[in-house]
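Asker: Provided below: protein.cif, containing mmCIF, C-alpha atoms and all ligand atoms.
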```
data_my_file
loop_
_atom_site.group_PDB
_atom_site.id
_atom_site.type_symbol
_atom_site.label_atom_id
_atom_site.label_comp_id
_atom_site.auth_asym_id
_atom_site.auth_seq_id
_atom_site.Cartn_x
_atom_site.Cartn_y
_atom_site.Cartn_z
ATOM 1 C CA MET W 1 93.042 68.710 97.221
ATOM 2 C CA ASP W 2 93.586 71.611 94.838
ATOM 3 C CA THR W 3 95.423 74.441 96.518
ATOM 4 C CA LEU W 4 96.481 77.870 95.318
ATOM 5 C CA THR W 5 99.727 79.677 96.074
ATOM 6 C CA CYS W 6 99.918 83.465 96.125
ATOM 7 C CA LEU W 7 102.203 86.268 97.278
ATOM 8 C CA LEU W 8 100.863 88.435 100.117
ATOM 9 C CA PRO W 9 100.995 92.214 99.481
ATOM 10 C CA GLY W 10 102.474 92.831 102.960
ATOM 11 C CA GLY W 11 103.543 89.564 104.544
ATOM 12 C CA TYR W 12 103.635 87.949 107.949
ATOM 13 C CA ALA W 13 106.507 88.835 110.271
ATOM 14 C CA ASP W 14 107.092 85.960 112.702
ATOM 15 C CA GLY W 15 108.510 86.257 116.212
ATOM 16 C CA THR W 16 112.081 86.379 114.899
ATOM 17 C CA GLY W 17 111.283 89.235 112.505
ATOM 18 C CA THR W 18 111.471 87.055 109.366
ATOM 19 C CA LEU W 19 108.944 88.188 106.761
ATOM 20 C CA HIS W 20 106.933 85.417 105.060
ATOM 21 C CA ARG W 21 105.009 86.327 101.906
ATOM 22 C CA GLU W 22 104.090 83.124 100.082
ATOM 23 C CA ALA W 23 100.693 81.782 101.160
ATOM 24 C CA GLU W 24 99.014 78.509 100.245
ATOM 25 C CA LEU W 25 95.220 78.229 100.358
ATOM 26 C CA ALA W 26 92.722 75.373 100.234
ATOM 27 C CA PRO W 27 89.149 76.037 99.013
ATOM 28 C CA LEU W 28 86.242 76.530 101.412
ATOM 29 C CA SER W 29 84.313 73.358 102.163
ATOM 30 C CA GLY W 30 80.868 72.547 103.543
ATOM 31 C CA ARG W 31 82.327 72.902 107.054
ATOM 32 C CA GLU W 32 82.998 76.616 106.547
ATOM 33 C CA GLU W 33 79.551 77.009 104.939
ATOM 34 C CA GLU W 34 78.099 75.412 108.077
ATOM 35 C CA LEU W 35 80.098 77.840 110.201
ATOM 36 C CA LEU W 36 78.837 80.832 108.210
ATOM 37 C CA ALA W 37 75.252 79.608 108.391
ATOM 38 C CA GLY W 38 75.383 79.487 112.189
ATOM 39 C CA ARG W 39 77.408 82.579 113.086
ATOM 40 C CA SER W 40 75.235 85.542 112.179
ATOM 41 C CA ASN W 41 76.260 87.316 115.423
ATOM 42 C CA MET W 42 80.007 87.301 114.626
ATOM 43 C CA SER W 43 81.545 90.420 113.090
ATOM 44 C CA ASN W 44 82.866 90.088 109.544
ATOM 45 C CA ALA W 45 86.399 90.616 110.900
ATOM 46 C CA ALA W 46 85.995 87.687 113.309
ATOM 47 C CA LEU W 47 84.523 85.506 110.534
ATOM 48 C CA VAL W 48 87.448 86.296 108.230
ATOM 49 C CA THR W 49 89.848 85.251 111.023
ATOM 50 C CA ARG W 50 87.972 81.997 111.562
ATOM 51 C CA ILE W 51 87.738 81.170 107.862
ATOM 52 C CA LEU W 52 91.319 82.055 106.971
ATOM 53 C CA SER W 53 92.701 80.058 109.902
ATOM 54 C CA ARG W 54 90.964 77.026 108.381
ATOM 55 C CA CYS W 55 91.774 77.641 104.711
ATOM 56 C CA VAL W 56 95.309 79.068 104.814
ATOM 57 C CA LYS W 57 97.535 76.018 104.916
ATOM 58 C CA ARG W 58 100.909 77.731 104.918
ATOM 59 C CA ILE W 59 102.527 81.178 105.044
ATOM 60 C CA GLY W 60 106.199 80.962 104.090
ATOM 61 C CA THR W 61 107.662 78.252 106.315
ATOM 62 C CA CYS W 62 104.835 78.477 108.913
ATOM 63 C CA SER W 63 102.482 75.584 108.313
ATOM 64 C CA ALA W 64 100.376 75.645 111.491
ATOM 65 C CA ILE W 65 98.167 78.677 110.847
ATOM 66 C CA SER W 66 96.378 79.623 114.058
ATOM 67 C CA GLU W 67 93.747 82.315 114.518
ATOM 68 C CA ALA W 68 96.442 84.353 116.317
ATOM 69 C CA ILE W 69 98.609 84.361 113.165
ATOM 70 C CA VAL W 70 95.639 85.386 110.986
ATOM 71 C CA ARG W 71 94.865 88.221 113.445
ATOM 72 C CA ASP W 72 98.456 89.436 113.051
ATOM 73 C CA LEU W 73 98.112 89.758 109.270
ATOM 74 C CA LEU W 74 97.706 93.219 107.776
ATOM 75 C CA VAL W 75 94.227 94.279 106.676
ATOM 76 C CA ALA W 76 95.287 94.206 102.995
ATOM 77 C CA ASP W 77 96.749 90.696 103.318
ATOM 78 C CA ARG W 78 93.508 89.390 104.772
ATOM 79 C CA GLN W 79 91.529 91.120 102.023
ATOM 80 C CA TYR W 80 93.834 89.648 99.394
ATOM 81 C CA LEU W 81 93.584 86.133 100.882
ATOM 82 C CA MET W 82 89.762 86.362 100.869
ATOM 83 C CA LEU W 83 89.906 87.462 97.231
ATOM 84 C CA LYS W 84 92.130 84.485 96.336
ATOM 85 C CA LEU W 85 89.904 82.176 98.375
ATOM 86 C CA ARG W 86 86.898 83.334 96.368
ATOM 87 C CA GLU W 87 88.810 82.722 93.144
ATOM 88 C CA LEU W 88 89.735 79.208 94.308
ATOM 89 C CA THR W 89 86.297 78.318 95.712
ATOM 90 C CA PHE W 90 84.168 79.692 92.848
ATOM 91 C CA SER W 91 86.017 81.535 90.079
ATOM 92 C CA SER W 92 87.930 84.692 89.247
ATOM 93 C CA ARG W 93 84.882 86.242 87.567
ATOM 94 C CA VAL W 94 82.648 88.525 89.648
ATOM 95 C CA GLN W 95 79.206 89.444 88.348
ATOM 96 C CA ALA W 96 77.384 91.726 90.722
ATOM 97 C CA THR W 97 75.162 94.788 90.939
ATOM 98 C CA VAL W 98 76.095 98.162 92.399
ATOM 99 C CA VAL W 99 74.100 101.345 92.799
ATOM 100 C CA CYS W 100 75.032 104.134 90.345
ATOM 101 C CA PRO W 101 76.628 106.735 92.673
ATOM 102 C CA TRP W 102 75.334 109.793 90.760
ATOM 103 C CA PRO W 103 72.792 111.275 93.206
ATOM 104 C CA ASP W 104 70.112 111.986 90.603
ATOM 105 C CA CYS W 105 70.350 108.418 89.235
ATOM 106 C CA SER W 106 70.965 105.771 91.953
ATOM 107 C CA ARG W 107 69.824 102.969 89.661
ATOM 108 C CA ARG W 108 71.229 99.448 89.882
ATOM 109 C CA VAL W 109 74.042 98.700 87.429
ATOM 110 C CA ASP W 110 75.557 95.299 86.570
ATOM 111 C CA ILE W 111 79.319 95.027 86.933
ATOM 112 C CA ASP W 112 81.521 92.224 85.674
ATOM 113 C CA PHE W 113 85.245 91.925 86.372
ATOM 114 C CA LEU W 114 88.028 89.414 86.990
ATOM 115 C CA LEU W 115 89.669 89.200 90.404
ATOM 116 C CA GLY W 116 92.977 88.667 88.607
ATOM 117 C CA ASP W 117 92.630 92.213 87.214
ATOM 118 C CA VAL W 118 92.205 93.858 90.655
ATOM 119 C CA PRO W 119 95.293 96.072 91.151
ATOM 120 C CA LEU W 120 97.506 95.701 94.203
ATOM 121 C CA ILE W 121 99.251 98.739 95.614
ATOM 122 C CA LEU W 122 102.489 97.583 97.196
ATOM 123 C CA PRO W 123 104.630 99.631 99.559
ATOM 124 C CA VAL W 124 108.386 99.976 99.043
ATOM 125 C CA ASP W 125 109.137 99.487 102.753
ATOM 126 C CA PRO W 126 107.773 96.166 104.061
ATOM 127 C CA GLY W 127 107.801 97.239 107.740
ATOM 128 C CA PRO W 128 106.758 95.830 110.204
ATOM 129 C CA THR W 129 107.343 99.202 111.919
ATOM 130 C CA TYR W 130 107.740 102.625 110.341
ATOM 131 C CA ARG W 131 109.155 105.962 111.458
ATOM 132 C CA PHE W 132 108.305 109.501 110.480
ATOM 133 C CA GLN W 133 108.549 112.951 111.981
ATOM 134 C CA LEU W 134 105.643 115.273 112.739
ATOM 135 C CA SER W 135 106.190 118.844 111.557
ATOM 136 C CA ALA W 136 107.188 121.379 114.269
ATOM 137 C CA GLU W 137 103.632 122.815 114.217
ATOM 138 C CA ALA W 138 102.148 119.339 114.740
ATOM 139 C CA ALA W 139 104.374 118.277 117.681
ATOM 140 C CA LEU W 140 102.760 116.653 120.708
ATOM 141 C CA TYR W 141 103.537 118.446 124.010
ATOM 142 C CA ASP W 142 103.735 116.518 127.279
ATOM 143 C CA GLU W 143 102.802 117.867 130.713
ATOM 144 C CA GLN W 144 106.287 119.415 131.143
ATOM 145 C CA GLY W 145 105.853 121.294 127.870
ATOM 146 C CA VAL W 146 108.410 119.139 125.988
ATOM 147 C CA ALA W 147 107.672 118.686 122.262
ATOM 148 C CA HIS W 148 107.651 115.136 120.826
ATOM 149 C CA ARG W 149 107.821 114.601 117.062
ATOM 150 C CA ASP W 150 109.380 111.222 116.121
ATOM 151 C CA VAL W 151 106.626 108.678 115.567
ATOM 152 C CA VAL W 152 107.092 104.887 115.383
ATOM 153 C CA PHE W 153 104.024 102.986 114.267
ATOM 154 C CA ARG W 154 102.827 99.715 112.784
ATOM 155 C CA LEU W 155 99.944 99.177 110.339
ATOM 156 C CA PRO W 156 96.460 97.955 111.395
ATOM 157 C CA THR W 157 95.946 94.197 111.432
ATOM 158 C CA GLY W 158 93.029 91.779 111.607
ATOM 159 C CA GLY W 159 93.255 91.900 115.405
ATOM 160 C CA ASP W 160 92.694 95.662 115.203
ATOM 161 C CA GLN W 161 89.704 95.098 112.892
ATOM 162 C CA GLU W 162 88.163 92.705 115.407
ATOM 163 C CA PHE W 163 88.878 95.195 118.190
ATOM 164 C CA ALA W 164 87.253 97.996 116.163
ATOM 165 C CA ALA W 165 84.188 95.835 115.432
ATOM 166 C CA ALA W 166 83.762 95.206 119.165
ATOM 167 C CA LEU W 167 84.006 98.963 119.803
ATOM 168 C CA ALA W 168 81.623 99.896 116.997
ATOM 169 C CA LEU W 169 78.830 100.828 119.365
ATOM 170 C CA GLN W 170 81.030 103.153 121.400
ATOM 171 C CA ASP W 171 81.809 106.800 120.764
ATOM 172 C CA GLY W 172 83.553 106.957 117.338
ATOM 173 C CA GLU W 173 86.292 109.386 118.398
ATOM 174 C CA GLN W 174 87.121 107.389 121.526
ATOM 175 C CA ALA W 175 87.234 104.142 119.499
ATOM 176 C CA LEU W 176 89.553 105.718 116.909
ATOM 177 C CA MET W 177 91.962 106.887 119.619
ATOM 178 C CA GLN W 178 92.028 103.410 121.148
ATOM 179 C CA LEU W 179 92.789 101.927 117.733
ATOM 180 C CA MET W 180 95.572 104.451 117.173
ATOM 181 C CA SER W 181 97.072 103.658 120.558
ATOM 182 C CA ARG W 182 97.352 100.010 119.450
ATOM 183 C CA CYS W 183 99.257 101.016 116.294
ATOM 184 C CA ILE W 184 101.496 103.817 117.601
ATOM 185 C CA ARG W 185 104.527 102.439 119.419
ATOM 186 C CA SER W 186 105.976 105.785 120.454
ATOM 187 C CA ILE W 187 105.922 109.542 119.887
ATOM 188 C CA GLY W 188 109.304 110.932 120.902
ATOM 189 C CA ASP W 189 109.999 109.665 124.431
ATOM 190 C CA LEU W 190 106.362 108.770 125.017
ATOM 191 C CA HIS W 191 106.140 104.985 124.638
ATOM 192 C CA GLN W 192 102.873 103.127 124.026
ATOM 193 C CA PRO W 193 100.818 106.353 124.195
ATOM 194 C CA ASP W 194 97.283 105.694 125.434
ATOM 195 C CA ALA W 195 94.025 107.006 123.972
ATOM 196 C CA ALA W 196 93.895 109.946 126.402
ATOM 197 C CA LEU W 197 97.389 111.119 125.401
ATOM 198 C CA LEU W 198 96.645 110.711 121.682
ATOM 199 C CA GLY W 199 93.519 112.799 122.204
ATOM 200 C CA GLY W 200 95.980 115.687 122.601
ATOM 201 C CA LEU W 201 97.148 115.426 118.970
ATOM 202 C CA SER W 202 96.156 118.443 116.895
ATOM 203 C CA PRO W 203 94.057 118.034 113.708
ATOM 204 C CA LEU W 204 97.254 118.803 111.738
ATOM 205 C CA ALA W 205 99.135 116.011 113.572
ATOM 206 C CA ARG W 206 96.264 113.617 112.854
ATOM 207 C CA THR W 207 96.358 114.508 109.159
ATOM 208 C CA GLU W 208 100.144 114.045 108.998
ATOM 209 C CA LEU W 209 99.841 110.700 110.783
ATOM 210 C CA ASP W 210 97.071 109.520 108.417
ATOM 211 C CA GLN W 211 99.156 110.499 105.401
ATOM 212 C CA ALA W 212 102.277 108.762 106.753
ATOM 213 C CA MET W 213 100.315 105.550 107.367
ATOM 214 C CA GLU W 214 98.572 105.688 104.014
ATOM 215 C CA ALA W 215 101.895 106.111 102.185
ATOM 216 C CA VAL W 216 103.180 102.747 103.441
ATOM 217 C CA THR W 217 99.914 100.754 103.529
ATOM 218 C CA PRO W 218 99.575 97.968 100.947
ATOM 219 C CA ARG W 219 96.119 98.015 99.355
ATOM 220 C CA VAL W 220 93.831 95.848 97.290
ATOM 221 C CA ASP W 221 92.222 98.414 95.016
ATOM 222 C CA LEU W 222 88.583 97.401 94.744
ATOM 223 C CA ASN W 223 87.411 100.686 93.242
ATOM 224 C CA ILE W 224 85.459 99.406 90.265
ATOM 225 C CA ALA W 225 84.986 101.618 87.204
ATOM 226 C CA GLY W 226 81.676 101.292 85.379
ATOM 227 C CA LEU W 227 79.402 102.976 82.873
ATOM 228 C CA CYS W 228 75.798 103.460 83.936
ATOM 229 C CA PRO W 229 73.471 102.462 81.053
ATOM 230 C CA GLU W 230 70.619 104.441 82.637
ATOM 231 C CA CYS W 231 72.232 107.879 82.910
ATOM 232 C CA GLY W 232 75.147 107.275 80.499
ATOM 233 C CA ARG W 233 77.801 108.518 82.943
ATOM 234 C CA GLU W 234 80.983 106.838 84.082
ATOM 235 C CA PHE W 235 81.562 106.141 87.763
ATOM 236 C CA VAL W 236 84.080 104.605 90.142
ATOM 237 C CA GLN W 237 82.564 102.798 93.089
ATOM 238 C CA PRO W 238 84.264 100.920 95.960
ATOM 239 C CA PHE W 239 83.137 97.295 95.928
ATOM 240 C CA ASP W 240 82.753 95.346 99.183
ATOM 241 C CA MET W 241 84.228 92.042 98.022
ATOM 242 C CA GLN W 242 84.126 90.450 101.468
ATOM 243 C CA GLU W 243 80.414 91.088 101.921
ATOM 244 C CA PHE W 244 79.732 89.882 98.368
ATOM 245 C CA PHE W 245 81.682 86.651 98.970
ATOM 246 C CA PHE W 246 79.898 86.026 102.269
ATOM 247 C CA SER W 247 76.522 86.502 100.584
ATOM 248 C CA GLU W 248 77.521 84.011 97.857
ATOM 249 C CA LEU W 249 78.597 81.518 100.506
ATOM 250 C CA ARG W 250 75.523 81.830 102.665
ATOM 251 C CA ILE W 251 73.376 78.778 102.407
ATOM 252 C CA SER W 252 70.811 77.781 104.980
ATOM 253 C CA ARG W 253 71.857 74.937 107.278
ATOM 254 C CA GLU W 254 68.772 73.057 106.152
ATOM 255 C CA GLN W 255 69.840 73.235 102.496
ATOM 256 C CA LEU W 256 73.417 72.192 103.362
ATOM 257 C CA TYR W 257 72.233 69.218 105.424
ATOM 258 C CA ARG W 258 69.790 68.184 102.687
ATOM 259 C CA GLU W 259 72.639 68.144 100.153
ATOM 260 C CA VAL W 260 74.893 66.144 102.496
ATOM 261 C CA HIS W 261 72.035 63.757 103.283
ATOM 262 C CA TYR W 262 71.270 63.219 99.577
ATOM 263 C CA LEU W 263 74.886 62.237 98.849
ATOM 264 C CA ALA W 264 75.269 60.158 102.035
ATOM 265 C CA TYR W 265 72.035 58.312 101.204
ATOM 266 C CA HIS W 266 73.255 57.303 97.756
ATOM 267 C CA TYR W 267 77.035 57.054 98.141
ATOM 268 C CA HIS W 268 77.249 55.960 101.798
ATOM 269 C CA TRP W 269 80.134 58.375 102.401
ATOM 270 C CA SER W 270 80.590 59.702 105.927
ATOM 271 C CA GLU W 271 79.331 63.096 107.009
ATOM 272 C CA HIS W 272 82.937 64.086 107.700
ATOM 273 C CA GLU W 273 83.994 63.288 104.126
ATOM 274 C CA LEU W 274 80.974 65.011 102.607
ATOM 275 C CA THR W 275 81.215 68.262 104.588
ATOM 276 C CA GLY W 276 84.911 68.369 103.650
ATOM 277 C CA LEU W 277 84.031 68.752 99.953
ATOM 278 C CA PRO W 278 84.023 72.217 98.361
ATOM 279 C CA ARG W 279 80.536 73.297 97.252
ATOM 280 C CA SER W 280 81.386 72.887 93.547
ATOM 281 C CA LYS W 281 82.271 69.207 94.030
ATOM 282 C CA ARG W 282 79.260 68.553 96.247
ATOM 283 C CA ARG W 283 76.928 70.066 93.643
ATOM 284 C CA MET W 284 78.710 68.224 90.819
ATOM 285 C CA TYR W 285 78.055 64.856 92.497
ATOM 286 C CA ILE W 286 74.431 65.853 93.127
ATOM 287 C CA ALA W 287 74.037 66.682 89.422
ATOM 288 C CA ILE W 288 75.636 63.374 88.376
ATOM 289 C CA LEU W 289 73.360 61.446 90.726
ATOM 290 C CA ALA W 290 70.278 63.303 89.490
ATOM 291 C CA ASP W 291 71.184 62.440 85.874
ATOM 292 C CA GLU W 292 71.817 58.829 86.806
ATOM 293 C CA ILE W 293 68.507 58.505 88.660
ATOM 294 C CA GLU W 294 66.680 60.070 85.715
ATOM 295 C CA ARG W 295 68.395 57.661 83.301
ATOM 296 C CA LEU W 296 67.388 54.673 85.447
ATOM 297 C CA ASN W 297 63.813 55.932 85.680
ATOM 298 C CA ASP W 298 63.671 56.332 81.880
ATOM 299 C CA ALA W 299 65.001 52.769 81.486
ATOM 300 C CA VAL W 300 62.228 51.422 83.734
ATOM 301 C CA VAL W 301 59.552 53.237 81.721
HETATM 302 ZN ZN ZN X 1 73.439 106.319 86.606
#
```
Can you turn what I pasted into structure tokens?
Answerer:
Amino acid sequence: MDTLTCLLPGGYADGTGTLHREAELAPLSGREEELLAGRSNMSNAALVTRILSRCVKRIGTCSAISEAIVRDLLVADRQYLMLKLRELTFSSRVQATVVCPWPDCSRRVDIDFLLGDVPLILPVDPGPTYRFQLSAEAALYDEQGVAHRDVVFRLPTGGDQEFAAALALQDGEQALMQLMSRCIRSIGDLHQPDAALLGGLSPLARTELDQAMEAVTPRVDLNIAGLCPECGREFVQPFDMQEFFFSELRISREQLYREVHYLAYHYHWSEHELTGLPRSKRRMYIAILADEIERLNDAVV
């Protein structure tokens, strides 16, 4: 099977603290398409975990990639792996439509770009934990009136994304504090601060914390620049690659089973073998068969 090897923007730190960055991917097959067709109630974060645990074959020297490992990957690493998976499953070229963001225009504009050209923003410090100091004005005071300023934090992972998706219906502020309490290891002597304690951070402290996290976060920059042919103005628009890829992959179960049935009927391959094919190969065999059947029909006439 064709696989693709890439270098993760962040990397996976295993239990011993060793950082693994080289990942090997296999393309999506009919089995993942079947999974996507039947899991409309799963959050996108949970779907990404499920799909990557099936398609990532290796990260560094770890070759048994469980859902737990995929949950531990940084948000940017998961985004990057999905981007590479799309490249491997279909192609590097993305042709899509976005809405022109100028408020008096809002018309649909075609965009066309290569995934290989999407810039990666890589941090200097690979983590997995980071330290910084809140300014004196932003210090967090405990019940005894002691100021705490030294923050140790980690970056959000897939597990945090799944957690956030499950909290999406709750109060936004409360959910944000719970997410922060997962990522902040300590503030001064306050270890594993909970959501209630973090609620005591001032707006200035929150801003400083956001900036400190942003400065070390690896990113896949999917801000796509375009020129609107309708209003003639340039724009930069964030592009939701994950949603786009999922919509490309969505196929009804009926259609998938019809395709598998068609090939099984003519080739007598097992269902297991046929659902293991990537879509491109499945469709290629269908096209070959259709040509062959047409040729035979022409010969009979
Ligand atoms: Zn426009």
Asker: Do you know which residues are within 10 Å of ligand ZN 1 (chain X) using all atoms listed in the file? Can you write them as number ranges by chain?
Answerer: W: 99-109, 226-235
Asker: Name the residues that the PyMOL selection byres (((chain W and resi 152) around 7) and not hetatm) picks from the file above, as a list in words, using the file's chain letters and numbers.
Answerer: Thr129, Tyr130, Arg131, Phe132, Asp150, Val151, Phe153, Ile184, Arg185, Ser186 and Ile187 of chain W
Asker: Let me know the residues the PyMOL selection byres (((chain W and resi 33) around 10) and not hetatm) catches in the file above, as a list in words.
Answerer: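 Selected by the PyMOL selection byres (((chain W and resi 33) around 10) and not hetatm) in this file: Leu28, Ser29, Gly30, Arg31, Glu32, Glu34, Leu35, Leu36, Ala37, Gly38, Ile51, Phe246, Leu249, Arg250, Ile251, Ser252, Arg253, Leu256, Thr275, Pro278 and Arg279 of chain W.
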Asker: Taking into account only C-alpha atoms, which residue in the set W:Val260, W:Ala64, W:Ala23, W:Met177 is nearest to Gly200 (chain W)?
Answerer: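 Looking at the shortest contact to Gly200 (chain W), the residue is W:Met177.
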Asker: Evaluate the PyMOL selection byres (((chain W and resi 288-293) around 12) and not hetatm) against this structure - the residues, as a PDB file with C-alpha atoms, in the coordinates of the input, please.
Answerer:
```
ATOM      1  CA  GLU W 259      72.639  68.144 100.153  1.00  0.00           C
ATOM      2  CA  TYR W 262      71.270  63.219  99.577  1.00  0.00           C
ATOM      3  CA  LEU W 263      74.886  62.237  98.849  1.00  0.00           C
ATOM      4  CA  ALA W 264      75.269  60.158 102.035  1.00  0.00           C
ATOM      5  CA  TYR W 265      72.035  58.312 101.204  1.00  0.00           C
ATOM      6  CA  HIS W 266      73.255  57.303  97.756  1.00  0.00           C
ATOM      7  CA  TYR W 267      77.035  57.054  98.141  1.00  0.00           C
ATOM      8  CA  LYS W 281      82.271  69.207  94.030  1.00  0.00           C
ATOM      9  CA  ARG W 282      79.260  68.553  96.247  1.00  0.00           C
ATOM     10  CA  ARG W 283      76.928  70.066  93.643  1.00  0.00           C
ATOM     11  CA  MET W 284      78.710  68.224  90.819  1.00  0.00           C
ATOM     12  CA  TYR W 285      78.055  64.856  92.497  1.00  0.00           C
ATOM     13  CA  ILE W 286      74.431  65.853  93.127  1.00  0.00           C
ATOM     14  CA  ALA W 287      74.037  66.682  89.422  1.00  0.00           C
ATOM     15  CA  GLU W 294      66.680  60.070  85.715  1.00  0.00           C
ATOM     16  CA  ARG W 295      68.395  57.661  83.301  1.00  0.00           C
ATOM     17  CA  LEU W 296      67.388  54.673  85.447  1.00  0.00           C
ATOM     18  CA  ASN W 297      63.813  55.932  85.680  1.00  0.00           C
ATOM     19  CA  ASP W 298      63.671  56.332  81.880  1.00  0.00           C
ATOM     20  CA  ALA W 299      65.001  52.769  81.486  1.00  0.00           C
ATOM     21  CA  VAL W 300      62.228  51.422  83.734  1.00  0.00           C
TER      22      VAL W 300
END
```
Asker: Find, counting only C-alpha atoms, the residue in W:Gly158, W:Leu88, W:Met241, W:Leu134 that gets nearest to Ser53 (chain W).
Answerer: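 Smallest distance to Ser53 (chain W) is found for W:Gly158.
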Asker: Would you list the contacts of Glu162 (chain W) as a count of residues only, taking every protein, DNA or RNA residue within 9 Å and counting only C-alpha atoms, but skipping same-chain residues closer than 6 positions in sequence?
Answerer: 6
Asker: Rounded to one decimal place, report the CA of Tyr141 (chain W)-CA of Pro193 (chain W) distance in Å.
Answerer: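 Result for CA of Tyr141 (chain W) versus CA of Pro193 (chain W): 12.4 Å, one decimal.
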Asker: Please, what distance in Å, to one decimal, runs between CA of Met42 (chain W) and CA of Arg58 (chain W)?
Answerer: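 Those two atoms sit 25.0 Å apart.
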Asker: Counting all atoms listed in the file, which residues of region 18-83 of chain W fall within 10 Å of region 202-217 of chain W, and what is the closest atom pair for each with its distance in Å at one decimal, ordered by chain and rising number, as a tab-separated table?
Answerer:
```
residue	atom	partner	partner_atom	distance
W:Leu74	CA	W:Thr217	CA	8.9
W:Val75	CA	W:Thr217	CA	9.2
W:Ala76	CA	W:Thr217	CA	8.0
```
Asker: Using Å and a single decimal, report how far CA of Arg50 (chain W) sits from CA of Leu8 (chain W).
Answerer: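 Going from CA of Leu8 (chain W) over to CA of Arg50 (chain W), I get 18.4 Å.
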